[in-house]
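For reference, the structure is listed below as structure tokens.
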Amino acid sequence: MILDLPDTSTQEVSKQLVRLRETGGAVTLGRVLTLIISADEGEPTESSIEATNAASREHPCRVIVLARGARSEPTRLDAQIRVGGDAGASEVVVLRLYGELADHGASVVVPFLLPDTPVVAWWPGIAPPVPSADKVGSLATRRITDSIAAHDPVAALGLRRAGFTPGDSDLAWSRITPWRALLASALDQPPFEAITSAVVTGPEDSAGVDLLAGWLRAELDVPVVRRAGSFEVQLDRASGALKLEFDQNSTAVLVRPGQPDGRVAIRRRGVADCLAEELRRLDDDEVYYSALGGVSDVDRSEMP
């Protein structure tokens with residue numbers, strides 16, 4: 001069910017939420033958190049809502065979409081409430097802010113925060129330089145950005161490091177979870193030799209590949225070189241290099257000296273999968289912070 005409320009007020013939206021809850025059976029008792037999607041003028045919101053609906057099957061929540069419109073238009077609030085099949089396992093409140101109201105999103109969103117539940121802020125588009133200093137970000141205990149949406153994804157990682165506050169995370173980090181798990185599993189198998197150096201190759205503008213290189217630099221404490229090209233990770237050790245690459249069928253291949261190649265099907269992770277992973281843990285992600293620090297210590301001298 002979708003209810004449109006053009007040129008309305010937060011009080012009217014709240015009343016309609018209560019009415020829908022009483023007459024339509026929509027309840028908030030099962031909601032485990034409040035998720036704020038913060039989008040600026042021109043940034044799409046429907047794809048973010050779809051991803052949230054999919055993730056909500058695992059994490060039922062109230063979703064508040066702050067969609068800022070043109071500042072040049074008359075000040076007004078257009079709202080939309082989605083419940084039932086149009087909202088997955090959540091209830092979605094879309095707040096479109098125009099005119100001067102577009103700069104006061106944090107104040108508008110406060111009446112809709114669920115009491116006694118965590119608040120998560122997500123910027124699917126361009127994120128503020130310091131998410132925790134943003135007015136919306138200051139309401140949240142968890143702040144999710146996506147460096148892939150930045151004009152310069154690698155520079156965005158530098159901003160994330162410089163302005164890091166416990167509770168920050170990035171969907172670029174979630175996208176490489178399967179790669180990290182595969183490499184960690186491979187290193188738990190013989191021969192148990194120390195890694196002496198590493199080379200990480202991948203697209204030049206891939207924040208995920210840079211985070212992977214930073215993670216290896218931080219966790220292994222060895223020199224790591226970043227190169228541009230087709231994806232490959234090479235971990236050097238005395239008996240020969242361990243390599244992770246992908247074949248023409250997009251299957252992950254582990255190449256180890258003296259052993260048969262290992263093949264693992266790794267499905268490309270969509271935004272919904274990454275978002276669901278981020279919502280599983282609302283504590284501080286110290287490994288992500290270490291990886292951000294490692295990025296600055298990676299040797300990029302061979303990059304274009």
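Each chain in the structure tokens gets a letter, A, B and so on, in the order shown; residues start at 1 in every chain, and ligands are counted from 1 in the order they appear.
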>> Taking only region 66-291 of chain A into account, list the residues labelled helix (DSSP H, G or I) by DSSP (computed from the backbone), as a VMD selection string.
In response: chain A and resid 84 to 87 99 to 103 105 to 112 131 to 133 137 to 139 147 to 149 153 to 162 171 to 175 177 to 187 207 to 220 271 to 280 286 to 291
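Non-sequential neighbours of Leu220 (chain A) (distance at most 9 Å, separation of 4 or more positions within a chain, only C-alpha atoms) are Ala194, Ile195, Thr196, Ser197, Trp215 and Leu216 of chain A.
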Those same residues - all heavy atoms - I'd like them written as a tab-separated table (two decimals), in the first residue's frame.
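Okay, this is what ended up in again.tsv:
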```
chain	number	residue	atom	x	y	z
A	194	ALA	N	55.21	-17.81	6.38
A	194	ALA	CA	54.95	-16.38	6.49
A	194	ALA	C	54.85	-15.75	5.11
A	194	ALA	O	55.59	-16.11	4.19
A	194	ALA	CB	56.06	-15.70	7.29
A	195	ILE	N	53.93	-14.82	4.96
A	195	ILE	CA	53.82	-14.03	3.74
A	195	ILE	C	54.89	-12.94	3.79
A	195	ILE	O	55.03	-12.24	4.80
A	195	ILE	CB	52.42	-13.41	3.60
A	195	ILE	CG1	51.35	-14.50	3.62
A	195	ILE	CG2	52.33	-12.58	2.33
A	195	ILE	CD1	51.46	-15.49	2.50
A	196	THR	N	55.64	-12.80	2.71
A	196	THR	CA	56.73	-11.82	2.69
A	196	THR	C	56.36	-10.53	1.97
A	196	THR	O	56.93	-9.47	2.25
A	196	THR	CB	57.98	-12.43	2.02
A	196	THR	OG1	57.64	-12.87	0.69
A	196	THR	CG2	58.48	-13.63	2.83
A	197	SER	N	55.44	-10.61	1.02
A	197	SER	CA	54.99	-9.43	0.29
A	197	SER	C	53.71	-9.79	-0.46
A	197	SER	O	53.33	-10.97	-0.55
A	197	SER	CB	56.06	-8.93	-0.69
A	197	SER	OG	56.34	-9.92	-1.67
A	215	TRP	N	43.79	-3.80	3.65
A	215	TRP	CA	43.55	-4.86	4.65
A	215	TRP	C	44.75	-5.80	4.74
A	215	TRP	O	45.20	-6.14	5.85
A	215	TRP	CB	42.29	-5.63	4.26
A	215	TRP	CG	42.01	-6.85	5.06
A	215	TRP	CD1	41.66	-6.90	6.38
A	215	TRP	CD2	42.06	-8.21	4.61
A	215	TRP	NE1	41.48	-8.21	6.79
A	215	TRP	CE2	41.71	-9.03	5.71
A	215	TRP	CE3	42.32	-8.80	3.39
A	215	TRP	CZ2	41.64	-10.42	5.61
A	215	TRP	CZ3	42.26	-10.19	3.28
A	215	TRP	CH2	41.93	-10.98	4.38
A	216	LEU	N	45.30	-6.21	3.60
A	216	LEU	CA	46.47	-7.09	3.61
A	216	LEU	C	47.67	-6.38	4.23
A	216	LEU	O	48.42	-6.99	4.99
A	216	LEU	CB	46.79	-7.53	2.18
A	216	LEU	CG	45.79	-8.48	1.52
A	216	LEU	CD1	46.11	-8.67	0.05
A	216	LEU	CD2	45.78	-9.84	2.23
```
>> Residues within 12 Å of region 226-229 of chain A, please, as a ChimeraX atom specification. Count only C-alpha atoms; anything in the same chain fewer than 4 positions from it doesn't count.
In response: /A:197-207,209-214,216-217,233-234,245,294-304
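Using only C-alpha atoms, the nearest neighbour of Arg280 (chain A) within the list A:Arg82, A:Arg68, A:Arg160, A:Arg142 is A:Arg142.
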>> Can you pull out every residue from region 118-282 of chain A that DSSP, working from the backbone, puts in strand (DSSP E), and format the result as a count of residues only?
In response: 41
> Between A:Ala67, A:Thr34, A:Pro111, A:Ala39, which is the closest to Gln11 (chain A) once you count only C-alpha atoms?
Replying inline: A:Pro111
> Can you list, as an MDAnalysis selection string, every protein, DNA or RNA residue that comes within 10 Å of Thr177 (chain A) when you count only C-alpha atoms, leaving out same-chain residues fewer than 5 positions away?
Replying inline: chainID A and resid 172 182 208 212 269 274 277
>> Could you tell me how far CA of Val130 (chain A) sits from CA of Phe164 (chain A), in Å to one decimal place?
In response: 7.1 Å
>> Taking 5 positions as the minimum chain separation for residues in the same chain, which residues sit within 10 Å of Pro166 (chain A) when counting only C-alpha atoms? Answer as an MDAnalysis selection string.
In response: chainID A and resid 132 141:143 283:286 289
>> Which residues are close to region 113-129 of chain A, i.e. within 7 Å by only C-alpha atoms, leaving aside same-chain residues fewer than 2 positions away? Reply as a ChimeraX atom specification.
In response: /A:32-39,43,48,109-111,131,134,137,139-146,149-150,159
